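Trainee: Structure: my_file29.cif, mmCIF, C-alpha atoms.
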```
data_data
loop_
_atom_site.label_atom_id
_atom_site.label_comp_id
_atom_site.auth_asym_id
_atom_site.auth_seq_id
_atom_site.Cartn_x
_atom_site.Cartn_y
_atom_site.Cartn_z
CA MET F 30 -18.28 12.87 -9.96
CA ALA F 31 -18.49 9.23 -11.03
CA ALA F 32 -15.48 9.76 -13.28
CA THR F 33 -13.20 10.00 -10.24
CA ALA F 34 -14.33 6.68 -8.75
CA GLY F 35 -11.49 4.18 -8.54
CA THR F 36 -8.69 6.70 -8.02
CA PRO F 37 -6.49 6.28 -4.91
CA ARG F 38 -7.96 9.40 -3.28
CA ALA F 39 -11.53 8.25 -4.00
CA ARG F 40 -10.71 4.83 -2.56
CA ALA F 41 -9.30 6.49 0.56
CA LEU F 42 -12.44 8.61 0.89
CA SER F 43 -14.75 5.60 0.65
CA ALA F 44 -12.69 3.76 3.27
CA ALA F 45 -12.73 6.79 5.58
CA LEU F 46 -16.53 7.10 5.34
CA ARG F 47 -16.98 3.38 5.98
CA GLU F 48 -14.65 3.41 8.98
CA ALA F 49 -16.23 6.58 10.43
CA ARG F 50 -19.68 4.99 10.27
CA MET F 51 -18.52 1.75 11.84
CA ALA F 52 -16.69 3.64 14.61
CA SER F 53 -19.87 5.59 15.38
CA GLY F 54 -21.92 2.40 15.74
CA VAL F 55 -24.47 3.59 13.17
CA GLY F 56 -25.65 0.93 10.72
CA SER F 57 -25.69 1.68 7.02
CA ARG F 58 -29.48 1.39 6.83
CA GLU F 59 -29.91 3.73 9.79
CA LEU F 60 -27.55 6.23 8.19
CA ALA F 61 -29.52 6.03 4.95
CA ARG F 62 -32.77 6.61 6.83
CA GLN F 63 -31.47 9.69 8.64
CA LEU F 64 -30.05 11.18 5.46
CA GLU F 65 -33.11 10.20 3.40
CA PHE F 66 -30.91 8.38 0.89
CA SER F 67 -31.24 4.81 -0.28
CA HIS F 68 -29.23 2.07 1.42
CA THR F 69 -27.81 1.23 -2.02
CA GLN F 70 -26.45 4.77 -2.37
CA ILE F 71 -24.66 4.53 0.97
CA SER F 72 -23.20 1.19 -0.10
CA HIS F 73 -21.93 2.66 -3.39
CA TRP F 74 -20.17 5.48 -1.54
CA GLU F 75 -18.57 3.20 1.04
CA ASN F 76 -17.42 0.67 -1.58
CA GLY F 77 -15.96 3.35 -3.84
CA HIS F 78 -18.30 2.67 -6.76
CA ARG F 79 -19.50 6.27 -6.63
CA VAL F 80 -18.09 9.44 -5.07
CA PRO F 81 -20.25 11.77 -2.94
CA ASN F 82 -19.84 15.52 -3.22
CA VAL F 83 -18.41 17.62 -0.40
CA GLU F 84 -21.85 18.72 0.86
CA THR F 85 -23.02 15.10 1.14
CA VAL F 86 -19.84 14.09 2.95
CA ALA F 87 -20.40 16.94 5.42
CA MET F 88 -23.97 15.72 6.02
CA ILE F 89 -22.77 12.17 6.63
CA LEU F 90 -20.12 13.31 9.11
CA THR F 91 -22.66 15.44 10.95
CA VAL F 92 -25.00 12.48 11.40
CA LEU F 93 -22.07 10.32 12.53
CA ARG F 94 -20.92 13.04 14.96
CA ALA F 95 -17.34 12.78 13.75
CA SER F 96 -14.73 14.59 15.81
CA PRO F 97 -13.51 17.96 14.44
CA ARG F 98 -10.14 16.46 13.52
CA GLU F 99 -11.65 13.45 11.75
CA ARG F 100 -14.22 15.66 10.05
CA GLU F 101 -11.55 17.94 8.61
CA ARG F 102 -9.41 15.00 7.47
CA ILE F 103 -12.27 13.38 5.56
CA LEU F 104 -13.55 16.68 4.15
CA ASP F 105 -10.05 17.40 2.85
CA LEU F 106 -10.18 14.11 0.94
CA ALA F 107 -13.61 15.04 -0.44
CA ARG F 108 -12.58 18.56 -1.50
CA ASN F 109 -9.63 17.26 -3.53
CA VAL F 110 -11.04 13.95 -4.71
CA ALA F 111 -11.17 15.11 -8.35
CA GLU F 112 -7.44 15.90 -8.47
CA PRO F 113 -5.81 13.26 -10.71
CA ASN F 114 -2.42 13.22 -8.96
CA TRP F 115 -2.05 12.99 -5.20
CA LEU F 116 1.09 14.51 -3.72
CA THR F 117 1.72 15.01 -0.01
CA VAL F 118 4.77 16.58 1.58
CA GLY F 119 5.61 16.22 5.26
CA MET F 120 4.94 13.42 7.71
CA ASN F 121 1.39 14.65 8.44
CA GLY F 122 0.32 13.77 4.92
CA ILE F 123 1.56 10.20 4.94
CA PRO F 124 -1.17 8.61 7.14
CA GLN F 125 -3.83 9.84 4.70
CA GLN F 126 -1.85 8.45 1.78
CA LEU F 127 -1.37 5.22 3.70
CA ALA F 128 -5.16 4.86 3.66
CA GLY F 129 -4.97 5.22 -0.12
CA VAL F 130 -2.27 2.56 -0.26
CA VAL F 131 -4.34 0.14 1.81
CA GLU F 132 -7.40 0.64 -0.39
CA CYS F 133 -5.35 0.25 -3.58
CA GLU F 134 -3.90 -2.99 -2.22
CA ARG F 135 -7.34 -4.24 -1.22
CA SER F 136 -8.82 -3.50 -4.65
CA ALA F 137 -5.86 -4.39 -6.87
CA SER F 138 -5.83 -7.41 -9.15
CA SER F 139 -2.02 -7.34 -9.26
CA ILE F 140 0.79 -5.40 -7.57
CA VAL F 141 4.40 -4.99 -8.65
CA GLU F 142 6.84 -3.37 -6.23
CA TRP F 143 10.43 -2.32 -6.87
CA SER F 144 12.22 -1.99 -3.53
CA PRO F 145 15.99 -1.56 -3.81
CA MET F 146 16.92 -1.11 -0.13
CA VAL F 147 14.22 -2.65 2.09
CA ILE F 148 11.96 -5.72 2.06
CA PRO F 149 8.55 -4.71 0.58
CA GLY F 150 5.91 -3.99 3.22
CA LEU F 151 3.60 -6.84 2.15
CA LEU F 152 6.43 -9.31 2.78
CA GLN F 153 7.71 -7.87 6.06
CA THR F 154 7.54 -9.61 9.42
CA SER F 155 6.21 -7.57 12.34
CA ASP F 156 9.65 -7.37 13.97
CA TYR F 157 11.21 -6.11 10.74
CA THR F 158 8.49 -3.47 10.30
CA ARG F 159 8.93 -2.39 13.91
CA ALA F 160 12.70 -2.09 13.53
CA VAL F 161 12.36 0.00 10.35
CA LYS F 162 9.85 2.38 11.95
CA GLU F 163 11.94 2.70 15.12
CA ALA F 164 14.96 3.63 13.01
CA ALA F 165 12.80 6.24 11.24
CA GLY F 166 12.09 7.89 14.61
CA LEU F 167 8.33 7.33 14.82
CA SER F 168 6.62 7.46 18.19
CA GLN F 169 5.92 4.15 19.90
CA THR F 170 2.18 4.61 19.35
CA ASP F 171 2.65 5.23 15.64
CA ILE F 172 5.04 2.30 15.37
CA GLU F 173 2.56 -0.16 16.88
CA LEU F 174 -0.25 1.17 14.68
CA ARG F 175 1.92 0.65 11.58
CA VAL F 176 2.84 -2.86 12.73
CA MET F 177 -0.82 -3.81 13.28
CA LEU F 178 -1.74 -2.33 9.92
CA ASN F 179 0.99 -4.30 8.21
CA VAL F 180 -0.32 -7.53 9.74
CA SER F 181 -3.73 -6.91 8.17
CA ARG F 182 -2.14 -5.86 4.86
CA ARG F 183 -0.24 -9.16 4.63
CA GLU F 184 -3.53 -11.06 4.58
CA LEU F 185 -3.98 -9.90 0.97
CA LEU F 186 -1.39 -12.51 0.01
CA THR F 187 -2.90 -15.39 1.97
CA ARG F 188 -6.65 -14.82 1.71
CA ARG F 189 -8.93 -17.11 -0.29
CA ASN F 190 -8.56 -15.05 -3.50
CA PRO F 191 -5.10 -13.56 -2.98
CA VAL F 192 -3.71 -10.64 -4.93
CA SER F 193 -0.91 -11.35 -7.40
CA PHE F 194 2.27 -9.79 -6.00
CA HIS F 195 5.57 -9.43 -7.87
CA ALA F 196 8.43 -8.19 -5.68
CA LEU F 197 11.58 -6.88 -7.35
CA VAL F 198 14.05 -6.51 -4.51
CA GLY F 199 17.60 -5.19 -4.41
CA VAL F 200 20.05 -7.90 -3.33
CA ALA F 201 21.51 -5.48 -0.77
CA THR F 202 18.38 -5.91 1.35
CA LEU F 203 19.54 -9.43 2.26
CA HIS F 204 22.56 -8.05 4.08
CA GLU F 205 21.39 -4.73 5.48
CA PRO F 206 21.41 -4.90 9.32
CA ILE F 207 17.90 -3.97 10.46
CA GLY F 208 17.01 -4.15 14.15
CA PRO F 209 18.37 -6.52 16.84
CA ASP F 210 20.11 -9.81 16.08
CA GLY F 211 17.81 -12.32 14.48
CA VAL F 212 15.37 -9.85 12.93
CA VAL F 213 16.85 -10.06 9.43
CA LEU F 214 17.28 -13.84 9.65
CA ASP F 215 13.62 -14.32 10.59
CA GLN F 216 12.69 -11.88 7.83
CA LEU F 217 14.59 -13.84 5.20
CA ARG F 218 13.00 -17.09 6.33
CA HIS F 219 9.59 -15.44 5.96
CA LEU F 220 10.55 -14.04 2.56
CA ALA F 221 11.56 -17.51 1.35
CA GLU F 222 8.33 -18.99 2.66
CA MET F 223 6.16 -16.37 0.97
CA ALA F 224 8.05 -16.74 -2.30
CA GLU F 225 6.84 -20.34 -2.47
CA ARG F 226 3.23 -19.18 -2.73
CA PRO F 227 1.77 -19.40 -6.27
CA ASN F 228 0.58 -15.77 -6.19
CA VAL F 229 3.94 -14.34 -5.07
CA VAL F 230 6.99 -13.83 -7.28
CA VAL F 231 10.28 -12.65 -5.77
CA GLN F 232 13.15 -11.58 -8.01
CA LEU F 233 16.42 -10.22 -6.67
CA MET F 234 18.21 -7.41 -8.47
CA PRO F 235 21.98 -8.02 -8.51
CA LEU F 236 24.62 -5.33 -8.10
CA ARG F 237 27.04 -4.06 -10.74
CA ILE F 238 24.76 -4.48 -13.74
CA GLY F 239 24.85 -0.87 -14.91
CA TRP F 240 22.09 1.71 -15.19
CA HIS F 241 18.45 0.67 -15.20
CA PRO F 242 15.16 2.54 -14.52
CA GLY F 243 15.14 1.34 -10.93
CA TRP F 244 17.93 3.82 -10.20
CA ALA F 245 15.27 6.54 -10.13
CA GLY F 246 13.93 5.09 -6.88
CA PRO F 247 11.37 2.65 -5.45
CA PHE F 248 7.80 2.48 -6.73
CA VAL F 249 4.65 0.36 -6.60
CA PHE F 250 2.54 -0.40 -9.68
CA TYR F 251 -1.13 -1.27 -9.07
CA GLU F 252 -3.48 -2.79 -11.64
CA PHE F 253 -7.25 -3.04 -11.14
CA GLN F 254 -10.10 -4.80 -12.86
CA ASP F 255 -12.39 -1.77 -12.48
CA ALA F 256 -9.99 1.14 -13.04
CA SER F 257 -6.82 2.24 -14.81
CA PRO F 258 -3.40 1.37 -13.33
CA VAL F 259 -1.76 3.69 -10.80
CA VAL F 260 1.86 4.23 -9.74
CA HIS F 261 2.74 5.08 -6.14
CA PHE F 262 5.95 6.57 -4.77
CA GLU F 263 6.72 6.79 -1.06
CA HIS F 264 9.75 8.60 0.29
CA HIS F 265 10.90 9.55 3.77
CA SER F 266 8.52 12.49 4.23
CA SER F 267 6.54 12.65 1.01
CA GLY F 268 4.56 10.45 -1.32
CA ALA F 269 2.54 10.59 -4.53
CA PHE F 270 0.00 8.61 -6.53
CA ILE F 271 0.40 9.07 -10.30
CA PRO F 272 -2.45 7.88 -12.57
CA THR F 273 -1.39 9.87 -15.67
CA GLU F 274 -1.47 7.59 -18.70
CA HIS F 275 1.95 8.62 -20.04
CA ASP F 276 3.65 7.95 -16.69
CA VAL F 277 1.80 4.67 -16.20
CA VAL F 278 2.97 3.44 -19.61
CA GLU F 279 6.57 4.41 -18.81
CA TYR F 280 6.44 2.49 -15.52
CA GLN F 281 4.95 -0.53 -17.28
CA LYS F 282 8.07 -0.47 -19.45
CA ALA F 283 10.22 -0.10 -16.33
CA VAL F 284 8.58 -3.16 -14.74
CA ALA F 285 9.30 -5.21 -17.88
CA TRP F 286 12.89 -3.97 -17.98
CA LEU F 287 13.57 -4.71 -14.31
CA SER F 288 11.93 -8.14 -14.56
CA GLU F 289 14.18 -8.98 -17.51
CA ILE F 290 17.50 -8.03 -15.89
CA ALA F 291 16.73 -9.34 -12.38
CA MET F 292 17.67 -12.85 -11.29
CA ASP F 293 14.98 -15.40 -12.10
CA GLU F 294 12.78 -16.84 -9.36
CA ALA F 295 14.79 -20.04 -8.86
CA ASP F 296 18.15 -18.26 -8.61
CA SER F 297 16.64 -15.64 -6.30
CA LEU F 298 15.31 -18.31 -3.94
CA ASP F 299 18.66 -20.12 -4.03
CA LEU F 300 20.49 -16.94 -3.02
CA ILE F 301 18.02 -16.24 -0.21
CA ALA F 302 18.47 -19.80 1.06
CA LYS F 303 22.27 -19.47 0.86
CA THR F 304 22.18 -16.20 2.80
CA ILE F 305 19.97 -17.80 5.47
CA SER F 306 22.43 -20.69 5.85
CA GLU F 307 25.38 -18.31 6.19
CA MET F 308 23.55 -16.30 8.87
CA GLU F 309 22.63 -19.44 10.78
CA GLU F 310 26.26 -20.59 10.76
CA ARG F 311 27.37 -17.22 12.16
#
```
Can the structure in the file be given as structure tokens, please?

Mentor:
Amino acid sequence: MAATAGTPRARALSAALREARMASGVGSRELARQLEFSHTQISHWENGHRVPNVETVAMILTVLRASPRERERILDLARNVAEPNWLTVGMNGIPQQLAGVVECERSASSIVEWSPMVIPGLLQTSDYTRAVKEAAGLSQTDIELRVMLNVSRRELLTRRNPVSFHALVGVATLHEPIGPDGVVLDQLRHLAEMAERPNVVVQLMPLRIGWHPGWAGPFVFYEFQDASPVVHFEHHSSGAFIPTEHDVVEYQKAVAWLSEIAMDEADSLDLIAKTISEMEER
């Protein structure tokens, strides 16, 4: 099953196995000893370099004494790991896909996100994330988990070897009222600060410029050094990872198109700064 290594679902599976072992308190060498596998093999599975079969995953979860719910969640990933596209429908599927998103972000060499109506997640402040999730009707527990997760996700942009992130953002996001007073203002200040980083590019998409491929909806384009690119879509109650070569090529063209018609970096930063000043005066 080595051919499936590097796909979003395989990355989510490797992360789930790693997290299940760490939560159980079992060391990787101890797990290898109990399963009679090499420590290197365990490392390959947990790092996503290789993909274990369903029977092996079941053995690992038995040794780790995973809960029935966690066992079924991880086995479901293992059973479908060879599927090229990953579509989930309904809120219950999103947390599993979110694990795939996190692993894609962690492994990506570059990320491009087109976000017409909301600040991209990697550039959100905690208060902004909280306000968005509250508006979406999530439970308080889920909201705080998403906020904490977003804090860790943001470290991808500030770590020692940060990922290259290109945010194409609809200009309407600067003016959309999200959360209590001050949330959007603090968010725009943070956006301007992050846009000054050498690994972050922010381009605003103006209104009234006619049709462009971004009209089809938001998307994220991941590129990796060890795997083919992947496109991810996330909607209110569904999401999908698309690795198909034809679709990837079309979205590469879309990224180039959007980058060409969006405001350049300098003009985008000027508009953000102007909007901040207007908000402060009000």

Trainee: Extract, using only C-alpha atoms, all DNA, RNA and protein residues at most 12 Å from F:Leu220, discarding same-chain residues fewer than 6 positions from it, and format them as a PyMOL selection string.

Mentor: chain F and resi 147-154+157+196+198+202-203+213-214+226+229-233+297-298+300-302+304-305

Trainee: Mind giving me the axis-aligned box for stretch 222-238 of chain F with 3 Å on every side, centre plus edges in Å to one decimal, as AutoDock Vina command-line options?

Mentor:
```
--center_x 13.8 --center_y -12.2 --center_z -5.5 --size_x 32.5 --size_y 22.3 --size_z 22.4
```

Trainee: Which residues, named as in the file, does the PyMOL selection byres ((chain F and resi 253) around 9) pick out? Answer as a PyMOL selection string.

Mentor: chain F and resi 35+133+136-139+251-252+254-259

Trainee: Using all atoms listed in the file, determine which residues lie at most 9 Å from F:Leu90, disregarding the query and same-chain residues fewer than 6 positions distant; provide the list as a list in words.

Mentor: Leu46, Ala49, Arg50, Ser96, Glu99, Arg100, Ile103 and Leu104 of chain F

Trainee: Using all atoms listed in the file, which residues sit within 12 Å of F:Arg159 once same-chain residues fewer than 2 positions away are excluded, as a PyMOL selection string?

Mentor: chain F and resi 150+153-157+161-180+207-209+212-213+216

Trainee: Report as a ChimeraX atom specification the full result of the PyMOL selection byres ((chain F and resi 283) around 12) when it is applied to this structure.

Mentor: /F:141-143,197,241-250,260,276-282,284-291

Trainee: Take the residues just selected and output them with C-alpha atoms as a tab-separated table (two decimals), keeping the file's coordinate frame.

Mentor:
```tsv
chain	number	residue	atom	x	y	z
F	141	VAL	CA	4.40	-4.99	-8.65
F	142	GLU	CA	6.84	-3.37	-6.23
F	143	TRP	CA	10.43	-2.32	-6.87
F	197	LEU	CA	11.58	-6.88	-7.35
F	241	HIS	CA	18.45	0.67	-15.20
F	242	PRO	CA	15.16	2.54	-14.52
F	243	GLY	CA	15.14	1.34	-10.93
F	244	TRP	CA	17.93	3.82	-10.20
F	245	ALA	CA	15.27	6.54	-10.13
F	246	GLY	CA	13.93	5.09	-6.88
F	247	PRO	CA	11.37	2.65	-5.45
F	248	PHE	CA	7.80	2.48	-6.73
F	249	VAL	CA	4.65	0.36	-6.60
F	250	PHE	CA	2.54	-0.40	-9.68
F	260	VAL	CA	1.86	4.23	-9.74
F	276	ASP	CA	3.65	7.95	-16.69
F	277	VAL	CA	1.80	4.67	-16.20
F	278	VAL	CA	2.97	3.44	-19.61
F	279	GLU	CA	6.57	4.41	-18.81
F	280	TYR	CA	6.44	2.49	-15.52
F	281	GLN	CA	4.95	-0.53	-17.28
F	282	LYS	CA	8.07	-0.47	-19.45
F	284	VAL	CA	8.58	-3.16	-14.74
F	285	ALA	CA	9.30	-5.21	-17.88
F	286	TRP	CA	12.89	-3.97	-17.98
F	287	LEU	CA	13.57	-4.71	-14.31
F	288	SER	CA	11.93	-8.14	-14.56
F	289	GLU	CA	14.18	-8.98	-17.51
F	290	ILE	CA	17.50	-8.03	-15.89
F	291	ALA	CA	16.73	-9.34	-12.38
```

Trainee: Hey, which of F:Ile271, F:Met234, F:Met146, F:Ala107 ends up closest to F:Arg40? Count only C-alpha atoms.

Mentor: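 Looking at the shortest contact to F:Arg40, the residue is F:Ala107.
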
Trainee: So how many Å separate atom CA of F:Ala41 and atom CA of F:Arg182, to one decimal?

Mentor: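 Taking atom CA of F:Ala41 and atom CA of F:Arg182, their separation equals 14.9 Å.
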
Trainee: Pull out every residue that the PyMOL selection byres ((chain F and resi 58) around 10) matches in the shown coordinates and put them as a tab-separated table (two decimals) with C-alpha atoms, keeping the file's coordinate frame.

Mentor:
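And here's out_20.tsv as it stands now:
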```tsv
chain	number	residue	atom	x	y	z
F	55	VAL	CA	-24.47	3.59	13.17
F	56	GLY	CA	-25.65	0.93	10.72
F	57	SER	CA	-25.69	1.68	7.02
F	59	GLU	CA	-29.91	3.73	9.79
F	60	LEU	CA	-27.55	6.23	8.19
F	61	ALA	CA	-29.52	6.03	4.95
F	62	ARG	CA	-32.77	6.61	6.83
F	63	GLN	CA	-31.47	9.69	8.64
F	64	LEU	CA	-30.05	11.18	5.46
F	66	PHE	CA	-30.91	8.38	0.89
F	67	SER	CA	-31.24	4.81	-0.28
F	68	HIS	CA	-29.23	2.07	1.42
F	69	THR	CA	-27.81	1.23	-2.02
F	71	ILE	CA	-24.66	4.53	0.97
F	72	SER	CA	-23.20	1.19	-0.10
```

Trainee: I'd like the interatomic distance between atom CA of F:His78 and atom CA of F:Asn109, to a tenth of an Å.

Mentor: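 We find that atom CA of F:His78 and atom CA of F:Asn109 lie 17.3 Å from each other.
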
Trainee: Can you pull out the residues contacting F:Arg188? Cut-off 12 Å, using only C-alpha atoms, and skip same-chain residues under 5 positions away; I want them as a PDB file with C-alpha atoms, keeping the file's coordinate frame.

Mentor:
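Written output follows (selection37.pdb):
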```pdb
ATOM      1  CA  ARG F 135      -7.340  -4.240  -1.220  1.00  0.00           C
ATOM      2  CA  SER F 181      -3.730  -6.910   8.170  1.00  0.00           C
ATOM      3  CA  ARG F 182      -2.140  -5.860   4.860  1.00  0.00           C
ATOM      4  CA  ARG F 183      -0.240  -9.160   4.630  1.00  0.00           C
ATOM      5  CA  SER F 193      -0.910 -11.350  -7.400  1.00  0.00           C
ATOM      6  CA  ARG F 226       3.230 -19.180  -2.730  1.00  0.00           C
ATOM      7  CA  ASN F 228       0.580 -15.770  -6.190  1.00  0.00           C
TER       8      ASN F 228
END
```

Trainee: Using atom CA of F:Leu186 and atom CA of F:Thr158 as the two end points, give the distance in Å to one decimal.

Mentor: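 According to the coordinates, atom CA of F:Leu186 and atom CA of F:Thr158 are separated by 16.9 Å.
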
Trainee: Report as a ChimeraX atom specification all protein, DNA and RNA residues lying within 9 Å of F:Leu42, evaluated on all atoms listed in the file, omitting residues in the same chain fewer than 4 positions from it.

Mentor: /F:37-38,46-47,74-75,77,80,103-104,106-107,110,128-129

Trainee: Could you check which of F:Ala269, F:Met308, F:Leu185, F:Val131 is closest to F:Ser43, using all atoms listed in the file?

Mentor: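 Among the listed residues, the smallest separation from F:Ser43 belongs to F:Val131.
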
Trainee: Go through F:Gly54, F:Gln70, F:Asn76, F:Ala160 and flag the residue nearest F:Pro206, using all atoms listed in the file for the distances.

Mentor: F:Ala160

Trainee: Calculated over all atoms listed in the file, which of the candidates F:Glu205, F:Ala295, F:Pro227, F:Ala221 has the smallest distance to F:Asn190?

Mentor: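 Smallest distance to F:Asn190 is found for F:Pro227.
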
Trainee: When you count only C-alpha atoms, which of these residues is closest to F:Ser306: F:Arg218, F:Arg98, F:His275, F:His261?

Mentor: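 Once distances to F:Ser306 are computed over only C-alpha atoms, the minimum belongs to F:Arg218.
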